[in-house]
Structure formats: C-alpha cells, structure tokens
file coords.txt (compact mmCIF, C-alpha atoms)
# COMPACT_ATOMS: atom_id res chain seq x y z
CA MET L 1 -81.53 108.62 -50.62
CA GLY L 2 -81.23 105.86 -48.01
CA VAL L 3 -83.16 107.73 -45.31
CA ARG L 4 -85.24 105.95 -42.68
CA PHE L 5 -87.53 107.35 -39.99
CA SER L 6 -88.69 105.41 -36.95
CA ALA L 7 -91.40 107.03 -34.84
CA ALA L 8 -90.37 104.92 -31.83
CA ASP L 9 -86.68 105.83 -32.13
CA SER L 10 -87.56 109.48 -32.65
CA SER L 11 -89.79 109.47 -29.55
CA ASN L 12 -87.00 107.83 -27.54
CA LEU L 13 -84.58 110.49 -28.77
CA ILE L 14 -86.94 113.24 -27.63
CA SER L 15 -87.36 111.64 -24.19
CA ALA L 16 -83.60 111.14 -23.78
CA MET L 17 -82.84 114.72 -24.82
CA ARG L 18 -85.43 116.11 -22.41
CA SER L 19 -83.86 114.11 -19.58
CA ASN L 20 -80.32 115.14 -20.54
CA ILE L 21 -81.31 118.79 -20.82
CA THR L 22 -82.88 118.70 -17.35
CA THR L 23 -79.74 117.11 -15.86
CA ALA L 24 -77.39 119.48 -17.70
CA ASP L 25 -79.47 122.48 -16.63
CA VAL L 26 -79.10 121.48 -12.96
CA ILE L 27 -75.32 121.01 -13.33
CA VAL L 28 -74.74 124.29 -15.18
CA SER L 29 -77.00 126.19 -12.76
CA ARG L 30 -74.96 124.90 -9.82
CA LEU L 31 -71.69 125.76 -11.57
CA ASP L 32 -72.99 129.23 -12.33
CA SER L 33 -74.30 129.80 -8.82
CA GLY L 34 -71.13 128.49 -7.16
CA SER L 35 -68.82 130.49 -9.40
CA LYS L 36 -70.74 133.72 -8.89
CA HIS L 37 -70.83 133.11 -5.13
CA LEU L 38 -67.05 132.63 -5.08
CA VAL L 39 -66.44 135.85 -7.02
CA ALA L 40 -68.86 137.72 -4.73
CA GLN L 41 -67.02 136.44 -1.65
CA LEU L 42 -63.71 137.57 -3.13
CA ASP L 43 -65.12 140.99 -4.00
CA ALA L 44 -66.49 141.35 -0.47
CA GLY L 45 -63.10 140.54 1.05
CA VAL L 46 -64.34 137.40 2.78
CA LEU L 47 -61.64 135.39 1.01
CA GLN L 48 -58.25 137.07 0.75
CA GLY L 49 -54.80 136.21 -0.46
CA ALA L 50 -52.80 136.08 -3.64
CA ALA L 51 -54.14 132.66 -4.60
CA PHE L 52 -57.74 133.78 -4.19
CA ALA L 53 -57.05 136.95 -6.19
CA ALA L 54 -55.61 134.84 -9.00
CA GLY L 55 -58.59 132.53 -8.80
CA ARG L 56 -60.94 135.48 -9.16
CA GLY L 57 -59.29 136.36 -12.46
CA LEU L 58 -59.73 132.83 -13.75
CA PHE L 59 -63.40 132.70 -12.77
CA ALA L 60 -64.38 136.22 -13.83
CA GLU L 61 -62.50 136.26 -17.12
CA LEU L 62 -62.70 132.66 -18.28
CA ILE L 63 -64.99 130.35 -16.34
CA LEU L 64 -68.08 132.54 -15.88
CA PRO L 65 -68.17 133.65 -19.55
CA GLY L 66 -67.77 130.00 -20.53
CA ILE L 67 -70.71 129.01 -18.32
CA ALA L 68 -72.79 131.82 -19.84
CA LYS L 69 -72.04 130.51 -23.33
CA LEU L 70 -73.03 127.01 -22.21
CA ARG L 71 -76.36 128.31 -20.86
CA GLU L 72 -76.98 130.03 -24.20
CA ALA L 73 -76.25 126.78 -26.02
CA MET L 74 -78.62 124.85 -23.75
CA GLY L 75 -81.40 127.37 -24.37
CA ASP L 76 -80.81 126.86 -28.09
CA VAL L 77 -81.02 123.07 -27.69
CA GLN L 78 -84.30 123.39 -25.76
CA ALA L 79 -85.85 125.66 -28.39
CA GLU L 80 -84.70 123.48 -31.28
CA LEU L 81 -85.88 120.34 -29.49
CA ALA L 82 -89.37 121.90 -29.46
CA SER L 83 -88.99 122.52 -33.21
CA TYR L 84 -87.86 118.92 -33.68
CA GLU L 85 -90.95 117.72 -31.81
CA HIS L 86 -93.12 119.67 -34.27
CA ALA L 87 -91.31 118.02 -37.18
CA HIS L 88 -91.61 114.63 -35.43
CA SER L 89 -95.39 115.06 -35.12
CA VAL L 90 -95.69 115.40 -38.91
CA LEU L 91 -94.18 111.94 -39.51
CA ALA L 92 -94.99 110.08 -36.29
CA LYS L 93 -98.47 109.07 -37.48
CA TYR L 94 -96.86 106.96 -40.24
CA GLY L 95 -94.76 104.86 -37.85
CA ASN L 96 -91.71 103.76 -39.86
CA LEU L 97 -90.73 105.24 -43.22
CA ASP L 98 -87.96 104.09 -45.56
CA HIS L 99 -87.27 106.45 -48.47
CA ASP L 100 -85.94 103.70 -50.74
CA ASP L 101 -88.92 101.43 -50.03
CA LEU L 102 -91.38 104.28 -50.57
CA THR L 103 -89.73 105.26 -53.86
CA LYS L 104 -89.88 101.67 -55.11
CA ALA L 105 -93.51 101.31 -54.00
CA LEU L 106 -94.38 104.57 -55.79
CA GLN L 107 -92.81 103.36 -59.03
CA GLU L 108 -94.73 100.08 -58.79
CA ALA L 109 -98.01 101.87 -58.03
CA LYS L 110 -97.52 104.21 -60.99
CA GLU L 111 -96.89 101.19 -63.23
CA ARG L 112 -100.08 99.50 -61.98
CA LEU L 113 -101.98 102.71 -62.59
CA ARG L 114 -100.60 102.92 -66.13
CA LEU L 115 -101.71 99.36 -66.91
CA ILE L 116 -105.19 99.96 -65.47
CA GLU L 117 -105.63 103.16 -67.48
CA GLU L 118 -104.46 101.41 -70.64
CA GLN L 119 -107.04 98.66 -70.09
CA ILE L 120 -109.79 101.22 -69.48
CA GLU L 121 -108.75 103.01 -72.66
CA ARG L 122 -108.88 99.74 -74.63
CA ASN L 123 -112.32 98.96 -73.20
CA ASP L 124 -113.53 102.42 -74.17
CA ASP L 125 -112.22 102.02 -77.70
CA PHE L 126 -114.99 102.25 -80.32
CA PHE L 127 -114.16 98.89 -81.90
CA THR L 128 -114.11 97.14 -78.53
CA GLN L 129 -117.52 98.62 -77.74
CA LEU L 130 -118.81 97.61 -81.18
CA GLN L 131 -117.51 94.06 -80.77
CA ALA L 132 -119.24 93.81 -77.38
CA VAL L 133 -122.54 94.73 -79.02
CA PHE L 134 -122.26 91.85 -81.50
CA THR L 135 -121.05 89.30 -78.92
CA GLY L 136 -123.61 90.29 -76.29
CA ASP L 137 -120.90 91.28 -73.82
CA VAL L 138 -121.96 94.92 -73.35
CA GLU L 139 -123.05 94.38 -69.75
CA LYS L 140 -119.93 92.37 -68.96
CA LEU L 141 -117.72 95.09 -70.45
CA ALA L 142 -119.54 97.78 -68.47
CA HIS L 143 -119.05 95.84 -65.22
CA GLN L 144 -115.39 95.35 -66.03
CA ASN L 145 -114.98 99.07 -66.62
CA GLN L 146 -116.67 99.90 -63.32
CA ALA L 147 -114.34 97.51 -61.50
CA LEU L 148 -111.32 98.97 -63.27
CA GLN L 149 -112.39 102.52 -62.42
CA ARG L 150 -112.77 101.61 -58.74
CA LEU L 151 -109.36 99.97 -58.83
CA ARG L 152 -107.92 103.04 -60.55
CA ASP L 153 -109.30 105.27 -57.78
CA GLN L 154 -107.70 103.04 -55.15
CA VAL L 155 -104.32 103.04 -56.88
CA GLU L 156 -104.50 106.82 -57.43
CA ASN L 157 -105.07 107.23 -53.69
CA GLU L 158 -102.13 104.92 -53.05
CA VAL L 159 -99.93 107.01 -55.35
CA GLU L 160 -100.94 110.25 -53.61
CA ASP L 161 -100.37 108.68 -50.20
CA LEU L 162 -96.88 107.51 -51.19
CA LYS L 163 -96.02 110.89 -52.70
CA GLU L 164 -97.14 112.60 -49.50
CA LYS L 165 -95.00 110.33 -47.35
CA ILE L 166 -91.94 110.84 -49.57
CA ASP L 167 -92.43 114.63 -49.62
CA LYS L 168 -92.80 114.79 -45.84
CA LEU L 169 -89.80 112.52 -45.24
CA GLU L 170 -87.61 114.65 -47.52
CA TRP L 171 -88.92 117.81 -45.85
CA PHE L 172 -88.18 116.30 -42.41
CA VAL L 173 -84.57 115.53 -43.35
CA ALA L 174 -84.02 119.04 -44.74
CA ASP L 175 -85.73 120.69 -41.75
CA VAL L 176 -84.01 118.86 -38.88
CA ALA L 177 -80.57 119.02 -40.52
CA LYS L 178 -80.36 122.63 -39.29
CA TYR L 179 -80.96 121.76 -35.65
CA PHE L 180 -78.41 121.49 -32.80
CA SER L 181 -75.24 121.92 -34.89
CA ASP L 182 -74.10 125.31 -33.49
CA SER L 183 -75.06 124.49 -29.89
CA LEU L 184 -73.24 121.14 -30.08
CA ASN L 185 -70.20 122.98 -31.42
CA VAL L 186 -70.29 125.26 -28.36
CA MET L 187 -70.45 122.24 -26.06
CA ARG L 188 -67.52 120.65 -27.89
CA LEU L 189 -65.51 123.87 -27.49
CA ALA L 190 -66.48 124.07 -23.80
CA THR L 191 -65.17 120.54 -23.24
CA GLN L 192 -61.91 121.40 -25.01
CA ALA L 193 -61.65 124.65 -23.02
CA ALA L 194 -62.04 122.74 -19.76
CA VAL L 195 -59.15 120.47 -20.80
CA GLU L 196 -57.01 123.51 -21.60
CA LEU L 197 -57.86 125.24 -18.27
CA ASP L 198 -56.71 122.13 -16.47
CA LYS L 199 -53.24 122.82 -17.91
CA VAL L 200 -53.00 126.17 -16.09
CA ALA L 201 -50.19 126.00 -13.52
CA VAL L 202 -50.98 127.73 -10.20
CA GLU L 203 -48.17 128.51 -7.73
CA ALA L 204 -48.47 128.70 -3.94
CA ASP L 205 -48.12 132.49 -4.04
CA GLY L 206 -51.20 132.77 -6.26
CA SER L 207 -49.45 133.36 -9.54
CA TYR L 208 -50.49 131.18 -12.48
CA TYR L 209 -49.02 130.39 -15.86
CA ALA L 210 -50.78 129.65 -19.15
CA ASN L 211 -47.74 128.27 -20.94
CA GLY L 212 -48.85 125.40 -23.19
CA VAL L 213 -52.52 126.37 -22.91
CA ASP L 214 -54.33 126.66 -26.26
CA LEU L 215 -56.10 129.97 -25.74
CA ALA L 216 -57.50 129.81 -29.29
CA VAL L 217 -59.96 127.16 -28.09
CA ILE L 218 -61.16 129.42 -25.27
CA ARG L 219 -61.43 132.43 -27.59
CA GLY L 220 -63.33 130.24 -30.06
CA LEU L 221 -65.80 129.32 -27.33
CA PHE L 222 -66.50 132.96 -26.46
CA ALA L 223 -66.80 133.96 -30.13
CA ALA L 224 -69.06 131.07 -31.17
CA LYS L 225 -72.34 132.20 -32.73
CA ILE L 226 -75.61 130.52 -31.83
CA SER L 227 -78.78 130.90 -33.90
CA THR L 228 -82.00 129.09 -33.09
CA HIS L 229 -83.76 127.43 -36.03
CA GLU L 230 -87.52 127.39 -35.68
CA TYR L 231 -89.92 124.79 -37.05
CA ALA L 232 -90.60 125.32 -40.75
CA GLY L 233 -94.13 124.34 -41.82
CA VAL L 234 -94.60 121.79 -44.56
CA ASP L 235 -96.64 124.26 -46.61
CA VAL L 236 -96.66 127.90 -47.57
CA SER L 237 -99.64 130.24 -47.41
CA ALA L 238 -101.36 131.24 -50.66
CA GLN L 239 -98.42 131.78 -52.98
CA SER L 240 -98.85 131.99 -56.72
CA GLY L 241 -96.39 131.08 -59.41
CA ALA L 242 -94.59 127.74 -59.66
CA ILE L 243 -96.20 124.69 -58.11
CA GLN L 244 -95.34 124.54 -54.40
CA GLU L 245 -94.51 121.31 -52.57
CA GLY L 246 -97.28 120.27 -50.23
CA ASN L 247 -100.06 122.00 -52.17
CA PHE L 248 -101.28 118.68 -53.63
CA GLY L 249 -99.81 119.70 -56.99
CA TYR L 250 -101.74 122.98 -57.25
CA PRO L 251 -100.15 126.42 -57.76
CA LEU L 252 -101.85 127.94 -54.69
CA GLY L 253 -102.24 126.72 -51.15
CA TYR L 254 -102.46 127.58 -47.47
CA LEU L 255 -101.73 126.01 -44.10
CA HIS L 256 -103.59 127.13 -40.96
CA GLN L 257 -102.86 125.63 -37.55
CA TYR L 258 -105.19 126.10 -34.57
CA ASP L 259 -104.31 125.42 -30.94
CA LEU L 260 -107.43 123.84 -29.42
CA GLY L 261 -106.33 125.01 -25.99
CA PRO L 262 -105.80 123.44 -22.56
CA TYR L 263 -109.47 122.52 -22.08
CA MET L 264 -109.09 119.61 -24.51
CA ASN L 265 -105.87 118.16 -23.09
CA ASP L 266 -107.83 115.24 -21.65
CA LYS L 267 -108.65 114.08 -25.20
CA THR L 268 -106.40 112.24 -27.63
CA PRO L 269 -106.33 113.29 -31.31
CA GLU L 270 -108.14 110.03 -32.09
CA GLU L 271 -110.95 110.87 -29.62
CA ILE L 272 -111.35 114.38 -31.02
CA PHE L 273 -111.43 113.08 -34.58
CA ALA L 274 -113.98 110.42 -33.66
CA TYR L 275 -116.20 113.24 -32.37
CA ILE L 276 -115.73 115.15 -35.64
CA LYS L 277 -116.84 112.13 -37.67
CA ALA L 278 -119.89 111.50 -35.50
CA HIS L 279 -120.97 115.18 -35.34
CA PHE L 280 -119.69 116.43 -38.70
CA GLY L 281 -122.85 118.38 -39.54
CA GLN L 282 -122.63 120.24 -36.24
CA VAL L 283 -118.94 121.25 -36.19
CA PHE L 284 -117.88 121.56 -39.87
CA PRO L 285 -118.76 125.19 -40.78
CA PRO L 286 -119.70 124.63 -44.47
CA ALA L 287 -122.12 121.86 -43.43
CA TRP L 288 -124.04 124.05 -40.96
CA ARG L 289 -127.72 124.86 -41.66
CA ARG L 290 -129.92 127.39 -39.90
CA ASP L 291 -132.81 124.93 -39.76
CA GLY L 292 -130.62 122.17 -38.32
CA SER L 293 -131.32 119.90 -41.29
CA ALA L 294 -127.66 118.83 -41.56
CA GLN L 295 -126.94 118.24 -37.89
CA ASP L 296 -127.14 114.46 -38.34
CA VAL L 297 -124.58 114.39 -41.17
CA THR L 298 -121.63 112.16 -40.28
CA LEU L 299 -118.25 111.55 -41.86
CA THR L 300 -118.31 107.88 -42.78
CA ARG L 301 -116.25 106.75 -45.77
CA VAL L 302 -114.00 107.52 -48.70
CA GLY L 303 -116.14 108.49 -51.70
CA GLN L 304 -118.82 110.17 -49.56
CA VAL L 305 -120.23 113.30 -51.24
CA ILE L 306 -121.42 116.17 -49.01
CA HIS L 307 -123.16 119.37 -50.07
CA THR L 308 -121.68 122.49 -48.47
CA ARG L 309 -122.91 126.06 -48.09
CA LEU L 310 -121.02 128.96 -46.53
CA ALA L 311 -123.22 130.69 -43.94
CA ASP L 312 -126.08 128.55 -45.31
CA LEU L 313 -126.10 130.60 -48.55
CA GLU L 314 -126.96 128.63 -51.70
CA ASN L 315 -125.04 130.16 -54.61
CA GLU L 316 -123.21 127.51 -56.62
CA GLY L 317 -119.70 128.50 -57.62
CA LEU L 318 -119.52 131.27 -55.02
CA THR L 319 -120.82 130.06 -51.64
CA SER L 320 -121.94 126.46 -52.21
CA GLY L 321 -120.99 123.23 -53.91
CA ASP L 322 -120.26 119.54 -53.38
CA ILE L 323 -117.18 118.00 -51.82
CA LYS L 324 -116.00 114.37 -51.90
CA VAL L 325 -114.07 112.55 -49.18
CA THR L 326 -110.93 111.08 -50.78
CA LYS L 327 -109.02 109.93 -47.70
CA LEU L 328 -110.00 108.98 -44.15
CA THR L 329 -107.66 107.93 -41.31
CA GLU L 330 -107.88 107.78 -37.51
CA THR L 331 -106.93 111.45 -37.15
CA SER L 332 -107.43 113.10 -40.55
CA TYR L 333 -109.55 113.35 -43.66
CA THR L 334 -109.06 114.83 -47.12
CA ILE L 335 -111.75 116.33 -49.33
CA GLU L 336 -111.85 117.34 -52.99
CA ALA L 337 -113.99 120.11 -54.39
CA LEU L 338 -116.27 118.84 -57.15
CA PRO L 339 -117.30 120.82 -60.26
CA GLY L 340 -119.52 123.74 -59.21
CA HIS L 341 -117.74 124.23 -55.88
CA PRO L 342 -116.02 127.66 -55.52
CA GLU L 343 -112.64 126.02 -54.78
CA TYR L 344 -112.81 123.56 -57.70
CA PRO L 345 -110.36 122.15 -58.57
CA GLY L 346 -108.85 121.91 -55.11
CA THR L 347 -108.04 119.67 -52.16
CA VAL L 348 -108.16 120.28 -48.39
CA GLU L 349 -106.73 118.06 -45.66
CA PHE L 350 -107.83 118.34 -42.01
CA THR L 351 -105.67 116.76 -39.29
CA VAL L 352 -105.97 116.61 -35.51
CA ARG L 353 -102.57 116.18 -33.85
CA ALA L 354 -100.83 116.52 -30.50
CA GLY L 355 -98.64 119.61 -30.22
CA ALA L 356 -95.30 119.99 -28.47
CA ASN L 357 -96.93 122.23 -25.82
CA GLY L 358 -99.25 119.42 -24.71
CA HIS L 359 -102.31 120.86 -26.49
CA ASN L 360 -104.18 119.35 -29.42
CA PHE L 361 -104.06 121.15 -32.77
CA LEU L 362 -106.32 121.30 -35.81
CA ASP L 363 -104.27 121.66 -39.01
CA VAL L 364 -105.95 122.71 -42.26
CA LYS L 365 -103.85 122.32 -45.41
CA ALA L 366 -105.14 123.16 -48.90
CA GLY L 367 -104.11 123.28 -52.51
CA PHE L 368 -106.22 124.89 -55.24
CA GLU L 369 -106.12 126.29 -58.76
CA LYS L 370 -107.35 129.82 -58.09
CA SER L 371 -108.66 131.94 -55.25
CA THR L 372 -112.23 133.25 -55.02
CA PRO L 373 -112.52 135.99 -56.26
CA GLU L 374 -109.72 135.09 -58.64
CA GLY L 375 -106.52 137.03 -58.00
CA TRP L 376 -107.35 137.87 -54.39
CA ASP L 377 -104.73 135.44 -53.05
CA ASP L 378 -103.81 137.18 -49.77
CA ALA L 379 -107.42 138.11 -49.00
CA TYR L 380 -108.53 134.56 -49.72
CA SER L 381 -105.89 133.13 -47.38
CA LEU L 382 -107.10 135.50 -44.65
CA PHE L 383 -110.73 134.53 -45.32
CA THR L 384 -109.98 130.80 -45.08
CA GLY L 385 -108.07 131.44 -41.86
CA LEU L 386 -111.16 133.01 -40.32
CA LEU L 387 -113.44 130.30 -41.74
CA TRP L 388 -111.47 127.47 -40.16
CA THR L 389 -111.10 129.41 -36.92
CA GLY L 390 -114.84 128.75 -36.67
CA TYR L 391 -114.15 125.02 -37.07
CA ALA L 392 -111.76 125.06 -34.10
CA ALA L 393 -114.19 127.15 -32.03
CA ASN L 394 -117.05 124.75 -32.82
CA LEU L 395 -114.94 121.84 -31.59
CA GLN L 396 -114.06 123.64 -28.36
CA ALA L 397 -117.69 124.49 -27.66
CA ALA L 398 -119.23 121.21 -28.81
CA MET L 399 -116.94 118.99 -26.77
CA GLY L 400 -118.04 120.57 -23.50
CA HIS L 401 -115.24 123.02 -22.91
CA PRO L 402 -115.42 126.83 -22.81
CA PRO L 403 -114.11 128.18 -26.12
CA LEU L 404 -110.94 130.23 -26.17
CA PRO L 405 -111.01 133.82 -27.49
CA ALA L 406 -110.75 133.89 -31.26
CA GLN L 407 -107.16 134.28 -32.44
CA PRO L 408 -105.60 134.79 -35.85
CA PRO L 409 -104.58 131.53 -37.54
CA GLN L 410 -101.07 130.39 -36.69
CA LYS L 411 -98.85 129.72 -39.64
call {"tool": "encode", "arguments": {"input": "coords.txt", "output": "structure tokens"}}
result
Amino acid sequence: MGVRFSAADSSNLISAMRSNITTADVIVSRLDSGSKHLVAQLDAGVLQGAAFAAGRGLFAELILPGIAKLREAMGDVQAELASYEHAHSVLAKYGNLDHDDLTKALQEAKERLRLIEEQIERNDDFFTQLQAVFTGDVEKLAHQNQALQRLRDQVENEVEDLKEKIDKLEWFVADVAKYFSDSLNVMRLATQAAVELDKVAVEADGSYYANGVDLAVIRGLFAAKISTHEYAGVDVSAQSGAIQEGNFGYPLGYLHQYDLGPYMNDKTPEEIFAYIKAHFGQVFPPAWRRDGSAQDVTLTRVGQVIHTRLADLENEGLTSGDIKVTKLTETSYTIEALPGHPEYPGTVEFTVRAGANGHNFLDVKAGFEKSTPEGWDDAYSLFTGLLWTGYAANLQAAMGHPPLPAQPPQK
C-alpha cells in the first residue's frame, strides 16, 4: 500500500491550514466588503458615469458571485479541517505509522505465534508428557509450557496491536481522501476566473469587451458543487450480520463518544487517565459498590482480573462477572469479558483523547458475540450508551468539576 502517517507532519499541516484559512478569510472578507460597498455607492448615485455603470455590471454579475462561491469553499475547508482533526486524533497517539512496515511486522508476529503454538501443542502431546514422567522432567516441561503460554499471550497482544494500527491507518486513508477536493476545485476555478477577468477590455467611455475571455471557466465556478464530508467514526453501533471492522473481530459492536466538557480543559488526556487508574473503583460504574468496598481498586497492569457488578447486583451471566485487562497505555485500556460475564465473549476499549473543540473526550469501543438479552441489539446499544454516560459523569464529578447535564451518547 505504501502509505505512511507522521503525527508531527499531520499536526504541522493542521497548524498551517488554520493559519492559511485565517489569512484567506481576512482577504475574502475585505474583497467582499469592498465590492459590496462599491456597488452600494453606484446604486446610491454617489459614483456616476458610463465607466462606473460598466464596473457595476462586472462586480454584481461576476465578481460578487465569485466571492460568494469562494466563501462557501472556505467554509467547507474549515468544516472538513475539523473532520480531519478528528481523524488525526485517532492515529496521532501512535506517532509514525508505515503500512508496509506494519504489514511485514504482522506477518512476522503471526509466524512467531504459529511456532509458539506448535511447540505448546508438542509439549501437550500425550507421548511427550509420558516421556517426561519417565525422565523426571515433568516439572521442567510444566515450567516451559507456562513460559510459552506467557510468550504466546504477549505475541497475541502484539498481533492485535498491529492489526489495530493497520485497520486504523487504512481507515484514515479512506476517510481523509474525501476531504477538500471540491473546495480546492472551486479555488482553482476562482484563480482561473480571475485570469480570464483580467482579459476584459474596458474603454474610456465605460464599454467593455469580453472577446477572448473563456466564460466557461467563470460559469464552471458558479456551477461548482460543494459538499462537506463529516468525520466518519472508526466503528459502527451494534450491527449484526457480517463481521464489522473495528469490532475486534466480533459480529456486534458499538462506539460511544462523550465530551467531558470545558471544566476539564486544564487536564491532558494523560492526566485524566492517570486519575482513572488511581481511582478505578470510584469512577468505573461496574466496579462501584454500595458499601464502598471497591473504592480502593486501581487499574495497575495487563492481566489484572477485576470482578464487576452492574448497580452492585450479583447475578452471574446477567449483571455480574469478571473482566481481564489485556492492554494498558498512557491514555487507554482494553478489557476482555471472562466466562460468566454477560458480555462474554467480548472486548471493550476505553480511550481518553483531546477533541478538535479543545475538550477532552472519553471513547468507549466494544465488540461482542451477542447482546444481553440476546437479539436486543438496538436496545443493548442504547443501554450501554447510558451506562458509559455514568462513567463520563463520574469523571467530571470526581475530578473536582461540576458535572454537565446528562446527554445522549455521541456517535
């Protein structure tokens, strides 16, 4: 595929585009204001004469509509830049990504995983076990298997991590490919139209001639269509059927995104996540207990197993069960439901990130085999949206800021 992403280059692009948009907005605003003022003066009779009358026709019929189309294109660029910033935030945490390097690393990791699993299978073979009994190597074989299983878990995590990066990079390329094309086409046409207008010959008596002027360019500018492409989330919400990308390989999944509001703008995603880890039992809704017995629970390491209960109700398979931490970074963690948990088998990823509006966001992404109750896909997606709204509200309240009014989850 040959695609590379650089978080630094992408950030520089965003900064440069913001600066250019600001400058262009000032220029176009002045052009618009000056042109409208000139036409108003002509209409009021302040400026008179054949030349001015001819000029009014040029401005009213060609220049002002062209400026209006430029303003529309700039609004489109601003909106799509915000969408690009959303897409940028998905990949920025990885720094630099090279699709070819990731694909090669994934192939190598899969090969290592295959060799490890083959060795575990050989060690588990009946004759190998029997031979170990006679040679007195049972304990040694058991230790070797434990080491291999730990190594397998590490390589499996590496494979999942590489798959996630590849999926997100491919999604990024497909998503941003839609941005800016129509607005840039309008700007190209506007530049060509300005060149053509410069060919208009104006006589001293006010008459003007358009001989040699390519009016098709000007008509193309006025007829150009502009459509703003909004940010497309990486995941889809609770859809059944074929396996969906981004659902961790499961047929169902959801993505809920919560704006943590302006009161937490003084915190970085890393600071917020550090608070989550240190106060996990206080802010994570399924860990809450009426008697406060879980308030000292912290999020510490990959492999950590935590018992969860919805609304502190103990009913295994329906409201309670164990989860295991499978991934832990500076701003995110991933958990797997263990047997007996209502969402088993399933995976949920929680990420704190900076949004394009300057606020921090809590993203909750999940993939699972079936909803609870089974078949209630839409209702289950709504329920999880409300559940994780409580997570965001707990963070707002616990970190010393007044909570925002509850809002439906943003998709």
call {"tool": "closest_residue", "arguments": {"input": "coords.txt", "among": "L:Gln192, L:Lys178, L:His307, L:Lys365", "to": "L:Asp76", "atoms": "only C-alpha atoms"}}
result
L:Lys178
call {"tool": "atom_distance", "arguments": {"input": "coords.txt", "atom1": "atom CA of L:Thr22", "atom2": "atom CA of L:Gly358"}}
result
18.0 Å
call {"tool": "residues_near_point", "arguments": {"input": "coords.txt", "point": "(-85.7, 103.2, -43.4)", "cutoff": "8 Å", "atoms": "only C-alpha atoms", "output": "VMD selection string"}}
result
chain L and resid 2 to 6 96 to 101
call {"tool": "residues_around", "arguments": {"input": "coords.txt", "residues": "L:Phe361", "least_positions_apart": "6", "cutoff": "7 Å", "atoms": "all atoms listed in the file", "output": "ChimeraX atom specification"}}
result
/L:257-260,352-355
call {"tool": "write_last_selection", "arguments": {"input": "coords.txt", "atoms": "C-alpha atoms", "output": "JSON list (two decimals), in the coordinates of the input"}}
result
[["chain", "number", "residue", "atom", "x", "y", "z"],
["L", 257, "GLN", "CA", -102.86, 125.63, -37.55],
["L", 258, "TYR", "CA", -105.19, 126.10, -34.57],
["L", 259, "ASP", "CA", -104.31, 125.42, -30.94],
["L", 260, "LEU", "CA", -107.43, 123.84, -29.42],
["L", 352, "VAL", "CA", -105.97, 116.61, -35.51],
["L", 353, "ARG", "CA", -102.57, 116.18, -33.85],
["L", 354, "ALA", "CA", -100.83, 116.52, -30.50],
["L", 355, "GLY", "CA", -98.64, 119.61, -30.22]]
call {"tool": "residues_around", "arguments": {"input": "coords.txt", "residues": "stretch 389-401 of chain L", "least_positions_apart": "6", "cutoff": "9 Å", "atoms": "only C-alpha atoms", "output": "PyMOL selection string"}}
result
chain L and resi 256+258-261+263-264+272+275-276+282-285+361-362+407-409
call {"tool": "residues_around", "arguments": {"input": "coords.txt", "residues": "L:Thr308", "least_positions_apart": "2", "cutoff": "7 Å", "atoms": "all atoms listed in the file", "output": "count of residues only"}}
result
7
call {"tool": "atom_distance", "arguments": {"input": "coords.txt", "atom1": "atom CA of L:Tyr254", "atom2": "atom CA of L:Gly367"}}
result
6.8 Å
call {"tool": "residues_around", "arguments": {"input": "coords.txt", "residues": "L:Phe248", "least_positions_apart": "3", "cutoff": "10 Å", "atoms": "only C-alpha atoms", "output": "list in words"}}
result
Glu160, Lys163, Glu164, Ile243, Gln244, Glu245, Pro251, Leu252, Gly253, Gly346, Thr347, Val348, Glu349, Lys365, Ala366, Gly367 and Phe368 of chain L
call {"tool": "closest_residue", "arguments": {"input": "coords.txt", "among": "L:Thr331, L:Asn247, L:Thr298, L:His143", "to": "L:Glu270", "atoms": "only C-alpha atoms"}}
result
L:Thr331
